[in-house]
file coords-v4.pdb (PDB, C-alpha atoms, pLDDT in the B column)
ATOM      1  CA  MET A   1     -23.112  17.325 -20.898  1.00 63.00           C
ATOM      2  CA  ILE A   2     -20.647  17.854 -23.743  1.00 72.00           C
ATOM      3  CA  LYS A   3     -17.919  18.845 -21.271  1.00 72.00           C
ATOM      4  CA  ILE A   4     -17.996  15.563 -19.350  1.00 76.00           C
ATOM      5  CA  LEU A   5     -17.530  13.671 -22.629  1.00 74.00           C
ATOM      6  CA  THR A   6     -14.721  15.871 -23.952  1.00 75.00           C
ATOM      7  CA  PRO A   7     -11.177  14.493 -23.479  1.00 78.00           C
ATOM      8  CA  PHE A   8      -8.886  16.534 -21.158  1.00 73.00           C
ATOM      9  CA  GLU A   9     -11.739  18.837 -20.139  1.00 78.00           C
ATOM     10  CA  LYS A  10     -11.223  20.443 -16.722  1.00 81.00           C
ATOM     11  CA  LEU A  11     -14.217  20.176 -14.412  1.00 80.00           C
ATOM     12  CA  SER A  12     -15.026  21.821 -11.109  1.00 81.00           C
ATOM     13  CA  LYS A  13     -14.923  19.847  -7.868  1.00 82.00           C
ATOM     14  CA  THR A  14     -18.711  19.979  -7.705  1.00 85.00           C
ATOM     15  CA  ASN A  15     -19.080  18.369 -11.121  1.00 82.00           C
ATOM     16  CA  LYS A  16     -16.480  15.725 -10.251  1.00 84.00           C
ATOM     17  CA  THR A  17     -18.377  14.904  -7.056  1.00 87.00           C
ATOM     18  CA  LEU A  18     -21.673  14.659  -8.928  1.00 87.00           C
ATOM     19  CA  ILE A  19     -20.147  12.304 -11.508  1.00 87.00           C
ATOM     20  CA  LEU A  20     -18.712  10.121  -8.730  1.00 87.00           C
ATOM     21  CA  LEU A  21     -22.054  10.020  -6.898  1.00 90.00           C
ATOM     22  CA  GLY A  22     -23.812   9.192 -10.164  1.00 90.00           C
ATOM     23  CA  TRP A  23     -21.562   6.185 -10.832  1.00 89.00           C
ATOM     24  CA  LEU A  24     -21.929   5.069  -7.213  1.00 90.00           C
ATOM     25  CA  PHE A  25     -25.716   5.298  -7.465  1.00 90.00           C
ATOM     26  CA  LEU A  26     -25.645   3.294 -10.718  1.00 92.00           C
ATOM     27  CA  LEU A  27     -23.491   0.638  -9.062  1.00 87.00           C
ATOM     28  CA  ILE A  28     -25.883   0.296  -6.108  1.00 85.00           C
ATOM     29  CA  VAL A  29     -28.932   0.106  -8.392  1.00 86.00           C
ATOM     30  CA  THR A  30     -27.212  -2.569 -10.518  1.00 84.00           C
ATOM     31  CA  TRP A  31     -26.388  -4.486  -7.346  1.00 80.00           C
ATOM     32  CA  PHE A  32     -30.006  -4.458  -6.177  1.00 82.00           C
ATOM     33  CA  ILE A  33     -31.364  -5.441  -9.599  1.00 79.00           C
ATOM     34  CA  GLY A  34     -28.731  -8.121 -10.186  1.00 75.00           C
ATOM     35  CA  THR A  35     -29.453  -9.836  -6.858  1.00 76.00           C
ATOM     36  CA  SER A  36     -33.233  -9.608  -6.939  1.00 74.00           C
ATOM     37  CA  GLY A  37     -33.808 -13.046  -8.486  1.00 67.00           C
ATOM     38  CA  THR A  38     -33.661 -16.483  -6.905  1.00 68.00           C
ATOM     39  CA  LYS A  39     -30.265 -17.260  -8.463  1.00 68.00           C
ATOM     40  CA  HIS A  40     -27.476 -14.691  -8.546  1.00 67.00           C
ATOM     41  CA  LEU A  41     -23.691 -14.594  -8.607  1.00 68.00           C
ATOM     42  CA  PHE A  42     -23.182 -12.007  -5.858  1.00 75.00           C
ATOM     43  CA  PRO A  43     -24.840 -11.890  -2.425  1.00 82.00           C
ATOM     44  CA  SER A  44     -27.746  -9.513  -1.958  1.00 80.00           C
ATOM     45  CA  PRO A  45     -27.419  -6.277   0.068  1.00 82.00           C
ATOM     46  CA  SER A  46     -29.341  -7.877   2.927  1.00 83.00           C
ATOM     47  CA  GLN A  47     -26.854 -10.776   3.051  1.00 83.00           C
ATOM     48  CA  VAL A  48     -23.948  -8.338   3.103  1.00 86.00           C
ATOM     49  CA  PHE A  49     -25.596  -6.312   5.872  1.00 87.00           C
ATOM     50  CA  THR A  50     -26.055  -9.526   7.866  1.00 88.00           C
ATOM     51  CA  GLY A  51     -22.372 -10.250   7.213  1.00 86.00           C
ATOM     52  CA  PHE A  52     -21.406  -6.881   8.711  1.00 87.00           C
ATOM     53  CA  THR A  53     -23.498  -7.614  11.799  1.00 88.00           C
ATOM     54  CA  ASP A  54     -22.061 -11.101  12.273  1.00 86.00           C
ATOM     55  CA  LEU A  55     -18.504  -9.853  11.832  1.00 86.00           C
ATOM     56  CA  TYR A  56     -18.989  -7.090  14.380  1.00 86.00           C
ATOM     57  CA  ASN A  57     -20.388  -9.566  16.907  1.00 86.00           C
ATOM     58  CA  GLU A  58     -17.360 -11.820  16.340  1.00 82.00           C
ATOM     59  CA  GLY A  59     -14.857  -9.095  17.204  1.00 84.00           C
ATOM     60  CA  LEU A  60     -14.320  -7.328  13.890  1.00 86.00           C
ATOM     61  CA  VAL A  61     -12.768  -4.264  15.540  1.00 88.00           C
ATOM     62  CA  VAL A  62     -10.119  -6.374  17.285  1.00 88.00           C
ATOM     63  CA  HIS A  63      -9.201  -8.120  14.026  1.00 87.00           C
ATOM     64  CA  ILE A  64      -8.959  -4.765  12.211  1.00 89.00           C
ATOM     65  CA  LEU A  65      -6.580  -3.491  14.901  1.00 89.00           C
ATOM     66  CA  HIS A  66      -4.472  -6.666  14.527  1.00 88.00           C
ATOM     67  CA  SER A  67      -4.238  -6.119  10.773  1.00 87.00           C
ATOM     68  CA  LEU A  68      -3.396  -2.420  11.118  1.00 89.00           C
ATOM     69  CA  GLN A  69      -0.705  -3.216  13.660  1.00 89.00           C
ATOM     70  CA  LEU A  70       0.819  -5.776  11.292  1.00 88.00           C
ATOM     71  CA  CYS A  71       0.615  -3.313   8.391  1.00 88.00           C
ATOM     72  CA  PHE A  72       2.284  -0.396  10.197  1.00 90.00           C
ATOM     73  CA  LEU A  73       5.008  -2.517  11.803  1.00 91.00           C
ATOM     74  CA  SER A  74       5.875  -4.159   8.481  1.00 91.00           C
ATOM     75  CA  ILE A  75       5.978  -0.920   6.498  1.00 91.00           C
ATOM     76  CA  PHE A  76       8.037   0.752   9.247  1.00 92.00           C
ATOM     77  CA  LEU A  77      10.716  -1.948   9.257  1.00 93.00           C
ATOM     78  CA  ALA A  78      10.712  -2.262   5.472  1.00 92.00           C
ATOM     79  CA  THR A  79      11.076   1.527   5.082  1.00 92.00           C
ATOM     80  CA  ILE A  80      14.106   1.676   7.383  1.00 94.00           C
ATOM     81  CA  ILE A  81      15.844  -1.184   5.555  1.00 94.00           C
ATOM     82  CA  SER A  82      14.947   0.213   2.128  1.00 93.00           C
ATOM     83  CA  LEU A  83      16.168   3.724   2.969  1.00 93.00           C
ATOM     84  CA  ILE A  84      19.524   2.334   4.094  1.00 93.00           C
ATOM     85  CA  LEU A  85      19.841   0.335   0.868  1.00 93.00           C
ATOM     86  CA  ALA A  86      18.690   3.225  -1.346  1.00 92.00           C
ATOM     87  CA  TYR A  87      20.918   5.866   0.279  1.00 92.00           C
ATOM     88  CA  SER A  88      23.922   3.539   0.041  1.00 91.00           C
ATOM     89  CA  TRP A  89      23.237   3.005  -3.685  1.00 89.00           C
ATOM     90  CA  PRO A  90      25.455   5.977  -4.774  1.00 88.00           C
ATOM     91  CA  ILE A  91      28.421   4.355  -2.976  1.00 87.00           C
ATOM     92  CA  PRO A  92      30.188   2.129  -5.536  1.00 87.00           C
ATOM     93  CA  LEU A  93      31.075  -0.599  -3.015  1.00 89.00           C
ATOM     94  CA  LEU A  94      27.443  -0.978  -1.868  1.00 87.00           C
ATOM     95  CA  LYS A  95      25.663  -0.237  -5.132  1.00 88.00           C
ATOM     96  CA  SER A  96      25.587  -3.869  -6.293  1.00 89.00           C
ATOM     97  CA  ILE A  97      24.013  -4.970  -2.991  1.00 90.00           C
ATOM     98  CA  SER A  98      21.138  -2.521  -3.359  1.00 89.00           C
ATOM     99  CA  GLU A  99      20.540  -3.510  -6.973  1.00 89.00           C
ATOM    100  CA  PHE A 100      20.705  -7.209  -6.074  1.00 90.00           C
ATOM    101  CA  VAL A 101      17.975  -6.751  -3.452  1.00 88.00           C
ATOM    102  CA  THR A 102      15.670  -5.222  -6.070  1.00 88.00           C
ATOM    103  CA  LYS A 103      15.866  -8.410  -8.152  1.00 85.00           C
ATOM    104  CA  PHE A 104      14.148 -10.396  -5.386  1.00 82.00           C
ATOM    105  CA  ARG A 105      10.822  -8.768  -6.295  1.00 79.00           C
ATOM    106  CA  PHE A 106      10.478 -11.454  -8.976  1.00 79.00           C
ATOM    107  CA  LEU A 107      10.484 -14.260  -6.404  1.00 73.00           C
ATOM    108  CA  PRO A 108       7.122 -16.012  -5.861  1.00 68.00           C
ATOM    109  CA  PHE A 109       5.393 -15.087  -2.627  1.00 63.00           C
ATOM    110  CA  THR A 110       4.655 -18.692  -1.642  1.00 64.00           C
ATOM    111  CA  GLY A 111       8.276 -19.783  -2.005  1.00 65.00           C
ATOM    112  CA  LEU A 112       9.415 -16.866   0.138  1.00 67.00           C
ATOM    113  CA  SER A 113       7.038 -17.762   2.961  1.00 67.00           C
ATOM    114  CA  PHE A 114       8.185 -21.398   2.873  1.00 69.00           C
ATOM    115  CA  TYR A 115      11.790 -20.534   3.738  1.00 72.00           C
ATOM    116  CA  ILE A 116      10.789 -18.005   6.397  1.00 74.00           C
ATOM    117  CA  THR A 117       8.673 -20.606   8.207  1.00 71.00           C
ATOM    118  CA  MET A 118      11.762 -22.810   8.413  1.00 74.00           C
ATOM    119  CA  VAL A 119      13.591 -20.112  10.419  1.00 77.00           C
ATOM    120  CA  ILE A 120      10.798 -18.369  12.355  1.00 75.00           C
ATOM    121  CA  HIS A 121       8.108 -20.262  14.231  1.00 73.00           C
ATOM    122  CA  GLU A 122       6.130 -17.550  16.059  1.00 77.00           C
ATOM    123  CA  ALA A 123       3.041 -16.636  14.000  1.00 75.00           C
ATOM    124  CA  ARG A 124       3.063 -12.835  14.330  1.00 78.00           C
ATOM    125  CA  THR A 125       6.829 -12.554  13.798  1.00 82.00           C
ATOM    126  CA  MET A 126       6.526 -14.794  10.764  1.00 83.00           C
ATOM    127  CA  GLN A 127       3.824 -12.569   9.240  1.00 84.00           C
ATOM    128  CA  VAL A 128       5.864  -9.431   9.886  1.00 86.00           C
ATOM    129  CA  TRP A 129       9.042 -10.686   8.214  1.00 87.00           C
ATOM    130  CA  ILE A 130       7.246 -12.177   5.236  1.00 85.00           C
ATOM    131  CA  LEU A 131       5.816  -8.726   4.545  1.00 87.00           C
ATOM    132  CA  VAL A 132       9.058  -6.901   5.386  1.00 90.00           C
ATOM    133  CA  ILE A 133      11.141  -8.951   2.942  1.00 87.00           C
ATOM    134  CA  PHE A 134       8.463  -8.723   0.272  1.00 85.00           C
ATOM    135  CA  LEU A 135       8.049  -4.954   0.670  1.00 89.00           C
ATOM    136  CA  THR A 136      11.747  -4.151   0.953  1.00 91.00           C
ATOM    137  CA  THR A 137      12.347  -5.306  -2.609  1.00 90.00           C
ATOM    138  CA  PHE A 138       9.637  -3.008  -4.020  1.00 90.00           C
ATOM    139  CA  LEU A 139      10.438  -0.047  -1.765  1.00 92.00           C
ATOM    140  CA  THR A 140      14.134  -0.207  -2.595  1.00 92.00           C
ATOM    141  CA  THR A 141      13.346  -0.370  -6.314  1.00 91.00           C
ATOM    142  CA  SER A 142      11.071   2.682  -6.093  1.00 91.00           C
ATOM    143  CA  LEU A 143      13.507   4.698  -3.964  1.00 92.00           C
ATOM    144  CA  ILE A 144      16.436   4.005  -6.294  1.00 91.00           C
ATOM    145  CA  ALA A 145      14.239   5.113  -9.204  1.00 91.00           C
ATOM    146  CA  VAL A 146      13.580   8.386  -7.338  1.00 90.00           C
ATOM    147  CA  ILE A 147      17.341   8.947  -6.954  1.00 90.00           C
ATOM    148  CA  LYS A 148      17.960   8.180 -10.624  1.00 89.00           C
ATOM    149  CA  ASP A 149      15.339  10.749 -11.653  1.00 89.00           C
ATOM    150  CA  ILE A 150      17.054  13.625  -9.816  1.00 88.00           C
ATOM    151  CA  PRO A 151      18.154  16.152 -12.481  1.00 89.00           C
ATOM    152  CA  GLN A 152      21.912  16.580 -12.890  1.00 88.00           C
ATOM    153  CA  GLU A 153      21.420  20.326 -12.428  1.00 89.00           C
ATOM    154  CA  GLU A 154      20.649  19.801  -8.735  1.00 86.00           C
ATOM    155  CA  PHE A 155      23.943  17.980  -8.194  1.00 87.00           C
ATOM    156  CA  ASP A 156      25.813  20.671 -10.143  1.00 85.00           C
ATOM    157  CA  HIS A 157      24.141  23.398  -8.078  1.00 86.00           C
ATOM    158  CA  ALA A 158      25.237  21.705  -4.850  1.00 85.00           C
ATOM    159  CA  LYS A 159      28.795  21.418  -6.153  1.00 84.00           C
ATOM    160  CA  THR A 160      28.916  25.121  -7.034  1.00 86.00           C
ATOM    161  CA  LEU A 161      28.014  25.813  -3.403  1.00 84.00           C
ATOM    162  CA  LYS A 162      31.200  23.943  -2.398  1.00 83.00           C
ATOM    163  CA  CYS A 163      29.278  21.016  -0.884  1.00 83.00           C
ATOM    164  CA  SER A 164      31.261  17.888  -0.148  1.00 86.00           C
ATOM    165  CA  ARG A 165      30.162  14.499  -1.485  1.00 85.00           C
ATOM    166  CA  LEU A 166      28.461  13.632   1.814  1.00 86.00           C
ATOM    167  CA  GLU A 167      26.740  17.036   1.885  1.00 87.00           C
ATOM    168  CA  VAL A 168      25.449  16.451  -1.641  1.00 87.00           C
ATOM    169  CA  LEU A 169      24.078  13.088  -0.499  1.00 86.00           C
ATOM    170  CA  TRP A 170      22.408  14.701   2.504  1.00 87.00           C
ATOM    171  CA  GLN A 171      21.061  17.875   0.871  1.00 85.00           C
ATOM    172  CA  VAL A 172      20.096  16.678  -2.611  1.00 87.00           C
ATOM    173  CA  ILE A 173      19.143  13.038  -2.149  1.00 87.00           C
ATOM    174  CA  ILE A 174      18.000  12.683   1.467  1.00 87.00           C
ATOM    175  CA  LEU A 175      16.517  16.069   2.406  1.00 85.00           C
ATOM    176  CA  GLY A 176      15.697  17.097  -1.155  1.00 82.00           C
ATOM    177  CA  ARG A 177      13.542  14.047  -1.835  1.00 85.00           C
ATOM    178  CA  LEU A 178      11.748  13.450   1.484  1.00 87.00           C
ATOM    179  CA  ASP A 179       8.381  14.291  -0.089  1.00 86.00           C
ATOM    180  CA  TYR A 180       9.024  11.684  -2.785  1.00 88.00           C
ATOM    181  CA  VAL A 181       9.883   9.128  -0.106  1.00 89.00           C
ATOM    182  CA  ILE A 182       6.539   9.681   1.620  1.00 89.00           C
ATOM    183  CA  ASP A 183       4.742   9.284  -1.703  1.00 87.00           C
ATOM    184  CA  VAL A 184       6.615   6.026  -2.391  1.00 90.00           C
ATOM    185  CA  ILE A 185       5.642   4.772   1.070  1.00 89.00           C
ATOM    186  CA  ARG A 186       2.012   5.721   0.349  1.00 88.00           C
ATOM    187  CA  GLN A 187       2.042   3.668  -2.838  1.00 87.00           C
ATOM    188  CA  ASN A 188       3.645   0.678  -1.133  1.00 87.00           C
ATOM    189  CA  ILE A 189       1.193   0.752   1.769  1.00 88.00           C
ATOM    190  CA  ALA A 190      -1.434  -0.145  -0.828  1.00 86.00           C
ATOM    191  CA  ILE A 191       0.673  -3.197  -1.723  1.00 84.00           C
ATOM    192  CA  THR A 192       1.087  -4.003   1.983  1.00 84.00           C
ATOM    193  CA  TRP A 193      -2.633  -3.774   2.663  1.00 85.00           C
ATOM    194  CA  MET A 194      -3.412  -5.917  -0.372  1.00 81.00           C
ATOM    195  CA  MET A 195      -0.895  -8.640   0.601  1.00 82.00           C
ATOM    196  CA  LEU A 196      -1.855  -8.466   4.283  1.00 81.00           C
ATOM    197  CA  VAL A 197      -4.911 -10.658   3.836  1.00 79.00           C
ATOM    198  CA  THR A 198      -2.880 -13.271   1.951  1.00 78.00           C
ATOM    199  CA  VAL A 199      -0.236 -13.387   4.671  1.00 81.00           C
ATOM    200  CA  GLU A 200      -2.841 -13.628   7.421  1.00 79.00           C
ATOM    201  CA  SER A 201      -4.557 -16.406   5.483  1.00 75.00           C
ATOM    202  CA  ILE A 202      -1.303 -18.374   5.314  1.00 72.00           C
ATOM    203  CA  VAL A 203      -0.590 -17.948   9.037  1.00 68.00           C
ATOM    204  CA  VAL A 204      -3.986 -17.684  10.753  1.00 64.00           C
ATOM    205  CA  ALA A 205      -2.843 -18.186  14.345  1.00 63.00           C
ATOM    206  CA  SER A 206      -2.695 -14.464  15.194  1.00 67.00           C
ATOM    207  CA  GLY A 207      -6.049 -13.374  13.752  1.00 72.00           C
ATOM    208  CA  GLY A 208      -6.706 -10.385  11.517  1.00 81.00           C
ATOM    209  CA  LEU A 209      -8.907  -9.691   8.502  1.00 82.00           C
ATOM    210  CA  GLY A 210      -7.243 -12.512   6.570  1.00 80.00           C
ATOM    211  CA  PHE A 211      -8.291 -14.912   9.312  1.00 80.00           C
ATOM    212  CA  LEU A 212     -11.907 -13.750   8.979  1.00 84.00           C
ATOM    213  CA  ILE A 213     -11.852 -14.137   5.187  1.00 82.00           C
ATOM    214  CA  LYS A 214     -10.339 -17.615   5.500  1.00 79.00           C
ATOM    215  CA  ASN A 215     -13.128 -18.705   7.841  1.00 79.00           C
ATOM    216  CA  SER A 216     -15.839 -17.108   5.694  1.00 78.00           C
ATOM    217  CA  ASP A 217     -14.468 -18.791   2.577  1.00 75.00           C
ATOM    218  CA  LYS A 218     -14.353 -22.145   4.361  1.00 72.00           C
ATOM    219  CA  PHE A 219     -18.096 -21.992   5.073  1.00 71.00           C
ATOM    220  CA  MET A 220     -18.947 -20.357   1.699  1.00 74.00           C
ATOM    221  CA  ASN A 221     -20.462 -17.335   3.436  1.00 76.00           C
ATOM    222  CA  THR A 222     -20.441 -14.928   0.497  1.00 80.00           C
ATOM    223  CA  GLY A 223     -22.217 -12.166   2.422  1.00 84.00           C
ATOM    224  CA  ARG A 224     -19.405 -12.004   4.965  1.00 85.00           C
ATOM    225  CA  ILE A 225     -16.753 -12.158   2.229  1.00 86.00           C
ATOM    226  CA  ILE A 226     -18.186  -9.160   0.362  1.00 87.00           C
ATOM    227  CA  ALA A 227     -18.617  -7.298   3.663  1.00 88.00           C
ATOM    228  CA  LEU A 228     -14.951  -7.911   4.472  1.00 88.00           C
ATOM    229  CA  GLN A 229     -13.908  -6.790   0.988  1.00 88.00           C
ATOM    230  CA  ILE A 230     -15.788  -3.529   1.494  1.00 89.00           C
ATOM    231  CA  ILE A 231     -14.141  -3.016   4.891  1.00 90.00           C
ATOM    232  CA  ILE A 232     -10.667  -3.709   3.484  1.00 89.00           C
ATOM    233  CA  LEU A 233     -11.270  -1.322   0.573  1.00 89.00           C
ATOM    234  CA  LEU A 234     -12.525   1.499   2.815  1.00 91.00           C
ATOM    235  CA  ILE A 235      -9.632   1.153   5.260  1.00 90.00           C
ATOM    236  CA  GLY A 236      -7.148   1.069   2.383  1.00 89.00           C
ATOM    237  CA  LEU A 237      -8.629   4.215   0.850  1.00 90.00           C
ATOM    238  CA  GLY A 238      -8.557   5.881   4.263  1.00 91.00           C
ATOM    239  CA  LEU A 239      -4.867   5.045   4.761  1.00 89.00           C
ATOM    240  CA  ASP A 240      -4.013   6.340   1.294  1.00 89.00           C
ATOM    241  CA  ALA A 241      -5.934   9.593   1.798  1.00 89.00           C
ATOM    242  CA  GLY A 242      -4.431  10.101   5.260  1.00 89.00           C
ATOM    243  CA  ILE A 243      -0.829   9.718   4.110  1.00 87.00           C
ATOM    244  CA  ASN A 244      -1.447  11.886   1.052  1.00 85.00           C
ATOM    245  CA  PHE A 245      -2.911  14.597   3.299  1.00 87.00           C
ATOM    246  CA  LEU A 246       0.111  14.295   5.620  1.00 85.00           C
ATOM    247  CA  ARG A 247       2.510  14.683   2.686  1.00 83.00           C
ATOM    248  CA  LYS A 248       0.716  17.760   1.363  1.00 82.00           C
ATOM    249  CA  THR A 249       0.591  19.287   4.847  1.00 83.00           C
ATOM    250  CA  ILE A 250       4.277  18.799   5.610  1.00 80.00           C
ATOM    251  CA  PHE A 251       5.568  19.481   2.093  1.00 77.00           C
ATOM    252  CA  ARG A 252       3.251  22.173   0.790  1.00 73.00           C
ATOM    253  CA  TYR A 253       5.591  22.912  -2.109  1.00 67.00           C
ATOM    254  CA  SER A 254       5.243  19.372  -3.454  1.00 59.00           C
ATOM    255  CA  LYS A 255       3.515  19.056  -6.812  1.00 56.00           C
ATOM    256  CA  ILE A 256       3.523  15.249  -7.008  1.00 48.00           C
TER     257      ILE A 256
END
call {"tool": "encode", "arguments": {"input": "coords-v4.pdb", "output": "structure tokens"}}
result
Amino acid sequence: MIKILTPFEKLSKTNKTLILLGWLFLLIVTWFIGTSGTKHLFPSPSQVFTGFTDLYNEGLVVHILHSLQLCFLSIFLATIISLILAYSWPIPLLKSISEFVTKFRFLPFTGLSFYITMVIHEARTMQVWILVIFLTTFLTTSLIAVIKDIPQEEFDHAKTLKCSRLEVLWQVIILGRLDYVIDVIRQNIAITWMMLVTVESIVVASGGLGFLIKNSDKFMNTGRIIALQIIILLIGLGLDAGINFLRKTIFRYSKI
């Protein structure tokens, strides 16, 4: 008992799992007790279960696939654009362009979507490019930070091996930091998944989880809303764990 209350104490995986299960059990018990009265802030477990059933009958799986498709397409396009901007950052002529793109992360999301709707009119394409532009600013910022954190010793080592400037770029920055790139993408997928619902709520014509939340909110169906939040959380955690597993499998030397 003293160990789990001691700062920086290292615990076994079994103890960590037991602590996690204990907190989860406490959360569920609190949920049942807190919703047992006639008036309560959150929907009861039975209402949430009914929400799951209703959502499944209304084509939940199809809407999840729509959202995943939007997520993967957006992160794919944003990653390609961000990698080009980040890898061109060491070039003096293009450095200011890359740094200028990073400043757009301070733009409000609503204002960005307004200008995109003036150019693009197809719902799915509009959703994709809203996310791509939004994500590119954060991905580029993170990737440039990765390049800046490369120790000078690695560049010096490449120079002692008679590498040209382009070979240094390829060996040290591109190949030498691929595991970092995957980790940056993993972190930004969480941002993508979080913003996905907002984007789908703004443009509801093509469906998705945001469309379901918008409809549930319109009719004040709190059971469905909590059910959707649980689904979104579980899918997000699954995506994060999957990409982290992929990174550790491909780059077994990585200690990130």
call {"tool": "closest_residue", "arguments": {"input": "coords-v4.pdb", "among": "A:Ile4, A:Met126, A:Ile120, A:Leu27", "to": "Leu70 of chain A", "atoms": "all atoms listed in the file"}}
result
A:Met126
call {"tool": "atom_distance", "arguments": {"input": "coords-v4.pdb", "atom1": "atom CA of Arg105 of chain A", "atom2": "atom CA of Leu175 of chain A"}}
result
26.9 Å
call {"tool": "resolve_selection", "arguments": {"input": "coords-v4.pdb", "expression": "the PyMOL selection byres ((chain A and resi 140) around 7)", "output": "list in words"}}
result
Ser82, Leu85, Ala86, Thr102, Thr136, Thr137, Phe138, Leu139, Thr141, Ser142, Leu143 and Ile144 of chain A
call {"tool": "atom_distance", "arguments": {"input": "coords-v4.pdb", "atom1": "atom CA of Phe72 of chain A", "atom2": "atom CA of Glu58 of chain A"}}
result
23.5 Å
call {"tool": "atom_distance", "arguments": {"input": "coords-v4.pdb", "atom1": "atom CA of Trp31 of chain A", "atom2": "atom CA of Leu237 of chain A"}}
result
21.4 Å
call {"tool": "closest_residue", "arguments": {"input": "coords-v4.pdb", "among": "A:Ile182, A:Met118, A:Leu107, A:Leu68", "to": "Thr249 of chain A", "atoms": "only C-alpha atoms"}}
result
A:Ile182
call {"tool": "resolve_selection", "arguments": {"input": "coords-v4.pdb", "expression": "the PyMOL selection byres ((chain A and resi 236) around 12)", "output": "PyMOL selection string"}}
result
chain A and resi 64+67-68+71+186-196+229-235+237-243
call {"tool": "resolve_selection", "arguments": {"input": "coords-v4.pdb", "expression": "the PyMOL selection byres ((chain A and resi 49-53) around 6)", "output": "count of residues only"}}
result
9
